[in-house]
Structures are given as C-alpha cells and as structure tokens.
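Student: One structure is given below, represented as structure tokens, and several questions about it will come after.
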Amino acid sequence: MRKKYAKLVPVLLGSLFFMLLYSPVDGIQTNENHSVSTSIIENNPVRIDYYIFLSGKYSPIDMDVSNHVIINITLPRNPLALPYNLTLYFLPFSIEVISELPLGASSEYGFFGSPPTGYLIIHVPANASYSSIQLEGQLSGQSFFWRNSASVSVFSYLGFTAIDVRLFLVPPRQSKVLRLYSRAVPDLKYAKERFGENEAYVVDQQDFMRLQTTSGLSILYENETWEIYAFIIILATISVILLFFYSTRFKTLLTKVSSVSDAGKIWSKLQKPTAVLKKISHLIMGSIRFAHRKLRNLDSLKLLAAFLACGVLMASISLISGPDPRTKVYVFSSTKETADEIKDFIVNRGGVAVTSLEEFGDVETLSNLGIFSAAIIADFLPPLQRDVEQKIFYALANIRSEEYAHSILVLRVENTSWYASDSFMSQIEMRYPGKTRVIESLNSFEIAWGKIEGRKNVFGLIVNLETYFAMSAAVGVLSFVLVFIGLAFLANKLVEVGKKPAATGLPEAIVYTIFYFVFTQGIYAVCSVLLAMPLGLHTTRLEAKITAVSLIPPLPIFAPRGFGGGSNPRMLAGIAGFFFGAVLSFRGGAKLDKATVLALLVSLFFIIVDPLTSGLILHEFILLNTVGPSFGAAFQTESYVRDFLANIGIAMGGWASPTYGLSTGIILYFMGAIPLCLFPKLQKVSAALLLSISMIAVGTGGIRVADMNPWKMLASIMPGILVGFLVALGFFLISIAEGKIREKFGQ
C-alpha cells in the first residue's frame with residue numbers, strides 16, 4: 001500500500017510546481033513614474049525626439065526583425081549668428097533618409113571604435129532658418145517563440161549644450177510590454193503617453209542623459225493574445241505526450257467505457273486517432289531501436305579515433321587549399337566612408353582588407369596567427385588607451401610582411417580623409433621605427449602596396465579564389481563536427497572513468513578534459529594559420545566575411561545573415577555532442593531517470609512558451625545566449641556567476657599581466673565537465689540534473705576554443721579545476737540527500 005501511494009508523490013509535486021510556475025505576475029517590472037515631466041524646457045534652442053516604432057511581426061525565431069526609426073530634430077526659432085555643429089552618437093542602425101536640412105546645411109555619417117559606434121554630424125550654417133530635420137532608418141530586432149525584443153540605440157550629444165530630448169518607444173497595437181530595461185540605469189523611469197491609437201513609453205531628458213551609449217535600452221514584448229495560444233500549445237503538448245506513451249492503455253479504457261455507456265460511444269470515436277498515434281509511436285521507437293543497434297558498438301575509443309581523424313582532415317584541407325591567395329591587410333579607420341574607400345583601393349589591386357569597424361575585439365589574436373601582411377593606419381581614433389596598450393600595440397608587433405620591411409603604413413594624404421592623427425602617428429613611430437612608413441601621396445601608397453606580398457602555399461600550389469572559399473567553408477563546417485564528436489567522446493569517457501575509484505577516476509577525468517580543449521584549440525589555430533583566415537572567433541559581426549564559418553551559406557531561419565564568428569552554432573554543437581556521448585554510455589550500466597529527464601524537458605518547453613510570464617527569467621537567459629539583447633535578471637545573474645569565476649581565477653594568479661589573462665568561459669567549461677565523472681555514483685534525479693547543467697556549461701564555455709589564445713587557457717585551467725571540484729562536491733551532497741529521501745519514502 002505504501003508503494004502504491006508513493007507513486008502519487010511525483011504527481012502532486014509536479015502539480016504544485018506547475019501551479020507555482022504559471023502563477024500570474026506583473027508583466028513589466030521596471031519602475032514607472034507617471035509624474036515625469038514631458039514639457040519642453042524653456043529656452044532650449046534644439047529639440048530632438050526619437051521615435052522607435054516596434055514591429056508587430058512575431059515569429060518562432062527571426063534574428064532580423066525590422067523596427068522603423070524616425071528622429072525629428074527641431075532647430076531654434078531664433079537663428080543663431082554663428083555656424084555650429086550638431087553631433088549625435090549612437091549604436092549603429094541604418095539611416096536611410098536625411099530630409100529637410102536648412103539651406104546651406106550638410107551632414108556626415110560614419111562609425112568609430114569597438115563595438116562600432118555611429119555618429120551623425122549636421123553642419124548648420126549661421127543664421128539658419130527655423131526647420132525640422134527628419135532622419136529615417138531601421139533598427140534590427142529579434143523574435144523568439146513569438147516574443148520580440150530589441151536593443152534600442154541610445155544616443156548622446158556633443159557640440160551643443162542646450163538640447164531637449166525625448167525617446168518614444170511605440171509598441172505595436174494589441175501588444176504587451178514585458179520588460180523595459182537598461183544595464184546602465186536599472187532604476188530607469190518612464191512615462192506612458194497616448195500616441196495615436198497606441199500607447200508609447202517615454203523616457204525624458206533627466207533619465208535619458210543617464211543612459212550610456214554602449215549599454216542600450218532593451219525591450220521585450222509580445223502580442224496580448226499570445227497567452228491564449230500558449231495555453232492551447234501546452235494542452236496539446238500534454239495530450240500528445242500522454243497519448244503517445246499510453247496509447248494502448250487509453251484505447252483499452254475507451255473500449256471499456258463505450259461498452260457500458262451510450263455516452264462512451266462518443267469517446268470511442270477517438271480510438272482511430274489513438275491507433276494512428278500508436279503506429280507513429282511504434283515507428284519512432286523502431287527508429288530509435290534501429291539507431292541504437294547501429295550505435296551500440298560505438299564507444300569512447302571509436303569516438304576518439306573519429307575526433308582525431310576529423311582534426312587531421314581539417315588540417316590537411318587547410319594545408320592544401322591555404323593560404324588566402326590575396327594579400328590580406330588590416331585597416332585602422334574610424335569612419336565608414338574612409339574604411340570603404342581604402343578597402344576598395346586594396347580590392348581593386350587584388351588584395352583584401354579587414355577593417356577595425358568589422359573586427360576589433362580579436363585583432364591581437366588575428367595578428368598573432370600571422371593572417372595579415374601589413375597594417376594601414378588612417379583616420380583612426382582609439383576608443384581607450386587600454387585598447388592601444390593591450391590590443392593595438394600587441395597586434396602591430398606581430399604584423400609583418402615576408403618581403404617588405406615596412407609592414408605599418410601610416411596614411412597622411414593631403415586633401416583626403418586618409419589622414420592619421422598626429423598623436424597616434426607619433427606613438428606608432430616611436431614604438432615601431434623600423435616597421436613604420438608614412439605615406440603622403442596616393443602614388444607613394446601605390447608603390448608601397450606593390451611591395452607587400454601575401455603568404456605562399458607551402459607546396460607551391462596556386463589555388464583560385466573560388467576553390468579557396470569552398471575549401472574554407474568546408475573546414476568551417478567540419479569545425480562544428482569536430483566540437484560535436486570531441487565533446488561526445490569527452491562525455492562518454494567521463495562517465496566511463498566515473499565507474500572507477502575516485503582516486504584514479506578523477507585525475508583521468510581532468511586529463512581528458514584538458515586534452516579535448518588543448519587539441520581542439522590547437523586544430524582551430526593550425527587551420528587558421530594555414531588558411532590565413534580565422535576558423536572562428538568568439539565575437540564578430542554577422543555580415544562580415546572574416547572567418548571560415550562566415551563563408552558557409554546562410555540558413556533562411558536559423559542564420560539568415562550568416563554565421564559570423566560561429567559562436568552560437570559551436571555552442572549548440574557542443575551541447576548536442578556532450579548529451580549524445582553521455583547517452584551512449586548508458587548501455588554500460590549508467591542509468592538515467594527517464595521520467596526526470598522528460599519532466600525537465602517538458603518544464604523547459606512550458607517555461608519558454610510561458611503563458612503567464614512566470615518564465616521570463618529563463619526566456620531572458622535564452623535570449624542572452626542565442627539571438628537577443630540582455631535584460632535585468634539574466635544579465636545580473638550571469639554577471640554574478642562570471643564575477644565569481646573571475647575572482648577565483650584572479651586569486652590563483654590570473655590577470656597577472658595583460659597577456660596572462662583569464663577567460664571565464666574556459667573556467668565555465670571545466671566547471672561543467674569535471675563533475676560529470678560522478679554521474680555513475682549519483683542518485684537518478686541528481687544525475688539527471690548534473691547532466692543538464694554540465695552539457696549547458698560545457699557547450700557555453702567550450703566556444704572559447706575559438707579564442708586561440710594559449711595563455712588564456714593556461715591561466716584558466718587551475719581555477720577551472722578548482723571550481724569543478726566545488727561543483728562536484730555540491731552534487732555529491734545533493735545525491736546523499738536524495739538517497740536519504742528515497743530510503744524514507746521509498747523508491
């Protein structure tokens with residue numbers, strides 16, 4: 001009798017969890033202040049109103065939702081006697097129209113810094129008549145599970161002190177705003193105003209000026225009718241799961257009911273669809289059994305052989321098809337127009353250029369791999385002196401041409417924008433006198449460019465550009481396969497060594513964990529050097545064709561703008577591979593609580609669909625690590641975790657120098673991998689929870705193999721092992737508690 005009623009415990013717990021999960025909460029958790037003044041400040045000569053019209057297009061997943069932007073700039077009614085510049089800085093969105101400029105006025109539009117920050121300078125002549133300048137453009141947003149998000153460009157101003165500014169966020173009709181958040185101003189206040197048939201969220205002057213350009217203002221919203229459809233999806237999912245797993249019992253029950261009740265005959269009509277589900281169930285289970293028979297002989301040794309073979313294949317393709325047949329250089333420029341002009345100049349002469357607007361965060365890694373034959377300094381304004389010391393100087397020291405001594409060309413061409421600043425040029429000349437040459441005319445630039453030569457194929461092969469692109473894309477695809485097979489091997493091996501005594505199993509687990517990361521990062525670095533193109537980068541713009549994975553053709557739904565640095569596909573490949581390897585190990589005696597895994601997966605799905613907005617935090621985490629901007633809870637929680645990992649690393653000697661720097665991602669990888677060796681020794685629920693956390697941590701941290709920085713890896717190994725020990729200890733204690741509960745209440 002005790003065992004009979006014990007089966008009701010998970011049902012009651014699941015029901016309680018479901019009730020708590022979907023209890024109603026307030027939709028928006030940002031402070032609202034209806035008393036914020038929106039009146040025009042007296043005597044302000046310039047007024048700027050930003051209108052962000054958010055898209056009403058909702059999709060399961062869309063990384064390029066277009067939001068319409070209008071900026072109205074109202075010049076003073078009383079003309080000023082002197083000319084002046086009105087300068088706007090903002091994170092880039094596409095400006096398509098600049099209209100209604102006063103007579104004699106002009107504008108400049110460009111980018112600088114990292115991440116690229118856009119700027120618009122409006123040159124207003126003296127005694128300019130009163131007018132309202134209008135800018136129109138598009139701001140890209142994201143849609144995930146029929147919820148839209150956007151990181152609104154936040155602006156600051158220089159060149160004019162008296163400005164009255166307001167930001168209007170206009171959601172579509174019949175929408176519900178769930179989050180309105182700024183990392184720079186967590187207590188951001190706003191007002192609500194009617195805007196035609198819609199309700200606009202207005203950020204006024206006082207709080208608007210507190211926003212920082214690099215942080216942005218993020219908004220998350222959904223259609224107000226989405227909750228109804230979400231409930232329908234959830235009920236349909238539950239029904240299909242029940243019918244799928246209990247189709248035979250359900251059919252028998254319907255037969256009994258219909259035989260004793262006329263009303264039951266109505267329900268007997270459901271026997272036909274139940275039979276169909278039963279056939280589908282048998283088909284799926286048969287496919288699973290077939291796959292299991294084929295994969296049952298797949299063990300860690302065969303996975304290791306496939307892992308090594310994939311790495312050798314990637315290196316071989318890179319060796320034969322690389323390097324890039326074009327001379328590749330790096331261009332330091334802060335304006336889009338100048339960068340494009342220099343890039344066109346180089347492309348027209350058979351070369352290729354990567355600009356600081358396309359990739360600046362990993363410039364030191366790219367130069368260290370020997371990808372560039374020269375660096376060209378134009379109108380570049382370093383955003384921070386720290387970047388000059390840690391990135392630019394380090395990069396310039398590693399950039400060299402095989403034949404030409406001057407690998408740093410400083411452009412000072414008169415009457416053009418190809419003109420380096422005096423201060424930056426003096427720093428470069430002082431630090432690299434033998435490598436630097438100042439170019440003062442286009443003719444000199446032409447002569448210097450002719451002396452710069454790219455790298456040659458080690459076998460003397462001449463590979464045409466189309467073949468090079470195809471082979472590089474193939475290596476990019478194989479880079480995801482390498483991560484999948486490698487982490488499948490690692491997970492399988494960790495579970496295998498976990499069956500040994502801790503004294504021998506734990507050291508083996510550490511060795512295999514280090515081996516995967518070192519080998520994978522080594523293959524990434526070797527292929528990048530041989531191809532003269534980075535195999536992947538941790539961060540890069542999606543549109544920039546800088547990495548090998550960016551040459552893979554875009555996928556219409558999942559990667560409509562390309563793969564960029566490949567971080568997200570690499571993370572998904574890692575999670576899938578780690579889970580696959582762990583599942584393969586189950587036949588050897590490691591058991592997993594199937595009901596717990598099913599409950600976790602179904603709960604995850606319910607939270608993502610989330611009809612009553614209780615799962616917003618998890619939704620924000622998914623956005624943060626996949627397609628969208630960062631919001632309060634997810635960003636702060638992730639920041640706490642990263643700060644915790646970083647502090648452990650610093651305490652163990654990390655960041656002793658800029659070169660010997662930490663990577664919290666690598667620490668996270670070790671934190672997830674090492675505890676998995678406890679899997680065979682844990683109770684069922686604890687084991688399922690450990691596997692869930694491990695595969696996410698390993699997949700997320702494992703993307704750092706693309707950093708291709710051995711010093712970061714060395715600095716992060718010991719802190720990662722320590723954190724892995726702490727997490728393993730925590731799960732061991734949880735498993736002991738679970739065992740006591742099982743003893744008391746029965747299995």
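If you're wondering about the labels, chains in the structure tokens are A, B, ... by order shown, residues count from 1 in each chain, ligands from 1 in order shown.
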I'd like the contact shell of stretch 705-721 of chain A - 9 Å cut-off, only C-alpha atoms, skipping same-chain residues fewer than 3 positions apart - returned as an mmCIF file with C-alpha atoms, in the first residue's frame.
Tutor:
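And here is the file that came out, part.cif:
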data_model
loop_
_atom_site.group_PDB
_atom_site.id
_atom_site.type_symbol
_atom_site.label_atom_id
_atom_site.label_comp_id
_atom_site.auth_asym_id
_atom_site.auth_seq_id
_atom_site.Cartn_x
_atom_site.Cartn_y
_atom_site.Cartn_z
ATOM 1 C CA ASP A 362 40.108 39.976 -31.629
ATOM 2 C CA THR A 365 44.507 37.148 -31.974
ATOM 3 C CA LEU A 369 48.129 33.937 -36.166
ATOM 4 C CA ILE A 510 40.917 16.109 -15.519
ATOM 5 C CA ILE A 514 42.317 19.306 -20.670
ATOM 6 C CA PHE A 517 40.324 21.687 -25.076
ATOM 7 C CA VAL A 518 44.038 21.751 -25.987
ATOM 8 C CA THR A 520 40.514 21.417 -30.358
ATOM 9 C CA GLN A 521 42.022 24.846 -29.819
ATOM 10 C CA GLY A 522 45.237 23.662 -31.477
ATOM 11 C CA TYR A 524 41.495 25.805 -34.723
ATOM 12 C CA ALA A 525 44.798 27.697 -34.527
ATOM 13 C CA PRO A 534 40.435 32.651 -38.593
ATOM 14 C CA LEU A 535 38.432 29.467 -38.387
ATOM 15 C CA GLY A 536 36.086 31.111 -35.927
ATOM 16 C CA LEU A 537 36.025 33.997 -33.488
ATOM 17 C CA HIS A 538 34.278 34.470 -30.191
ATOM 18 C CA GLY A 565 32.197 34.046 -35.765
ATOM 19 C CA GLY A 566 30.213 30.818 -35.324
ATOM 20 C CA SER A 567 29.747 31.068 -31.537
ATOM 21 C CA LEU A 645 34.594 32.622 -11.568
ATOM 22 C CA ALA A 646 36.835 35.587 -12.361
ATOM 23 C CA ILE A 648 38.647 32.680 -8.149
ATOM 24 C CA GLY A 649 40.902 32.960 -11.187
ATOM 25 C CA ILE A 650 42.407 36.258 -10.028
ATOM 26 C CA ALA A 651 43.054 34.783 -6.582
ATOM 27 C CA MET A 652 45.029 31.998 -8.300
ATOM 28 C CA GLY A 653 47.201 34.368 -10.320
ATOM 29 C CA GLY A 654 45.114 35.215 -13.347
ATOM 30 C CA TRP A 655 45.474 38.648 -14.962
ATOM 31 C CA THR A 659 48.914 38.546 -21.780
ATOM 32 C CA TYR A 660 48.286 36.079 -18.957
ATOM 33 C CA GLY A 661 44.586 36.881 -18.919
ATOM 34 C CA LEU A 662 41.658 34.844 -17.665
ATOM 35 C CA SER A 663 38.692 33.524 -19.610
ATOM 36 C CA THR A 664 35.603 32.909 -17.505
ATOM 37 C CA GLY A 665 34.231 30.882 -20.417
ATOM 38 C CA ILE A 666 37.103 28.383 -20.138
ATOM 39 C CA ILE A 667 36.574 28.171 -16.371
ATOM 40 C CA LEU A 668 32.874 27.521 -17.045
ATOM 41 C CA TYR A 669 33.841 24.680 -19.407
ATOM 42 C CA PHE A 670 35.895 22.944 -16.695
ATOM 43 C CA MET A 671 33.155 23.623 -14.152
ATOM 44 C CA ILE A 674 34.792 17.599 -14.409
ATOM 45 C CA GLY A 701 32.218 27.664 -22.132
ATOM 46 C CA GLY A 702 33.534 25.411 -24.876
ATOM 47 C CA GLY A 724 34.838 21.849 -10.986
ATOM 48 C CA PHE A 725 35.780 20.243 -7.648
ATOM 49 C CA LEU A 726 33.412 22.575 -5.784
#
Student: Tell me, which residues of stretch 338-542 of chain A carry DSSP helix (DSSP H, G or I), written as an MDAnalysis selection string?
Tutor: chainID A and resid 338:347 363:368 385:398 422:431 442:451 465:497 502:531
Student: Can you list, as a VMD selection string, every protein, DNA or RNA residue that comes within 10 Å of A:Ser401 when you count only C-alpha atoms, leaving out same-chain residues fewer than 3 positions away?
Tutor: chain A and resid 327 329 370 372 to 375 398 404 to 408 435 451 to 455
Student: Which is closer to A:Thr513 than all the others in A:Leu490, A:Pro501, A:Val354, A:Leu572, using only C-alpha atoms?
Tutor: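 Nearest candidate to A:Thr513 out of A:Leu490, A:Pro501, A:Val354, A:Leu572: A:Leu490.
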Student: Show me, as a PDB file with C-alpha atoms, in the first residue's frame, the residues that have an atom within 9 Å of A:Glu414 when counting only C-alpha atoms, minus same-chain residues fewer than 5 positions from it.
Tutor:
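Saved file out_17.pdb follows:
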ATOM      1  CA  TYR A 419      44.931  61.140 -42.663  1.00  0.00           C
ATOM      2  CA  GLU A 440      51.906  61.240 -48.054  1.00  0.00           C
ATOM      3  CA  SER A 441      50.501  60.658 -51.556  1.00  0.00           C
TER       4      SER A 441
END
Student: Can you tell me how far atom CA of A:Tyr84 sits from atom CA of A:Ile71, in Å to one decimal?
Tutor: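 Spanning atom CA of A:Tyr84 to atom CA of A:Ile71 is a straight-line distance of 19.4 Å.
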Student: Write out as a VMD selection string each polymer residue whose atoms come within 9 Å of A:Ser107, counting only C-alpha atoms; drop sequence neighbours fewer than 6 positions from it.
Tutor: chain A and resid 98 101 120 to 124
Student: For the selection you just gave me, I'd like the residues written to a file as a PDB file, in the first residue's frame, keeping N, CA and C atoms.
Tutor:
ATOM      1  N   ILE A  98      17.762  61.394 -44.844  1.00  0.00           N
ATOM      2  CA  ILE A  98      18.015  62.638 -44.101  1.00  0.00           C
ATOM      3  C   ILE A  98      17.337  63.741 -44.904  1.00  0.00           C
ATOM      4  N   LEU A 101      16.886  69.400 -44.457  1.00  0.00           N
ATOM      5  CA  LEU A 101      18.007  70.190 -43.947  1.00  0.00           C
ATOM      6  C   LEU A 101      17.822  71.652 -44.350  1.00  0.00           C
ATOM      7  N   LEU A 120      26.548  61.025 -36.409  1.00  0.00           N
ATOM      8  CA  LEU A 120      25.993  61.889 -37.444  1.00  0.00           C
ATOM      9  C   LEU A 120      26.311  63.326 -37.052  1.00  0.00           C
ATOM     10  N   ILE A 121      26.997  64.037 -37.933  1.00  0.00           N
ATOM     11  CA  ILE A 121      27.325  65.449 -37.698  1.00  0.00           C
ATOM     12  C   ILE A 121      26.524  66.290 -38.694  1.00  0.00           C
ATOM     13  N   ILE A 122      25.730  67.204 -38.166  1.00  0.00           N
ATOM     14  CA  ILE A 122      24.970  68.130 -39.006  1.00  0.00           C
ATOM     15  C   ILE A 122      25.630  69.504 -38.892  1.00  0.00           C
ATOM     16  N   HIS A 123      26.150  69.998 -39.996  1.00  0.00           N
ATOM     17  CA  HIS A 123      26.794  71.309 -40.026  1.00  0.00           C
ATOM     18  C   HIS A 123      25.719  72.346 -40.358  1.00  0.00           C
ATOM     19  N   VAL A 124      25.406  73.167 -39.360  1.00  0.00           N
ATOM     20  CA  VAL A 124      24.352  74.178 -39.517  1.00  0.00           C
ATOM     21  C   VAL A 124      25.008  75.536 -39.763  1.00  0.00           C
TER      22      VAL A 124
END
Student: Record the distance separating atom CA of A:Leu220 and atom CA of A:Ile693, expressed in Å with one decimal.
Tutor: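 Atom CA of A:Leu220 sits 26.2 Å away from atom CA of A:Ile693.
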Student: Skipping near chain neighbours, those fewer than 2 positions away, what residues fall within 9 Å of A:Met695 using only C-alpha atoms, listed as a count of residues only?
Tutor: 17
Student: Quick one: of A:Lys744, A:Lys499, A:Arg47, A:Lys189, who's nearest to A:Leu86, counting only C-alpha atoms?
Tutor: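 Between A:Lys744, A:Lys499, A:Arg47, A:Lys189, the residue approaching A:Leu86 most closely is A:Arg47.
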Student: So, counting only C-alpha atoms, which residue among A:Ala687, A:Val46, A:Ala582, A:Val69 is closest to A:Ile485?
Tutor: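 Once distances to A:Ile485 are computed over only C-alpha atoms, the minimum belongs to A:Ala582.
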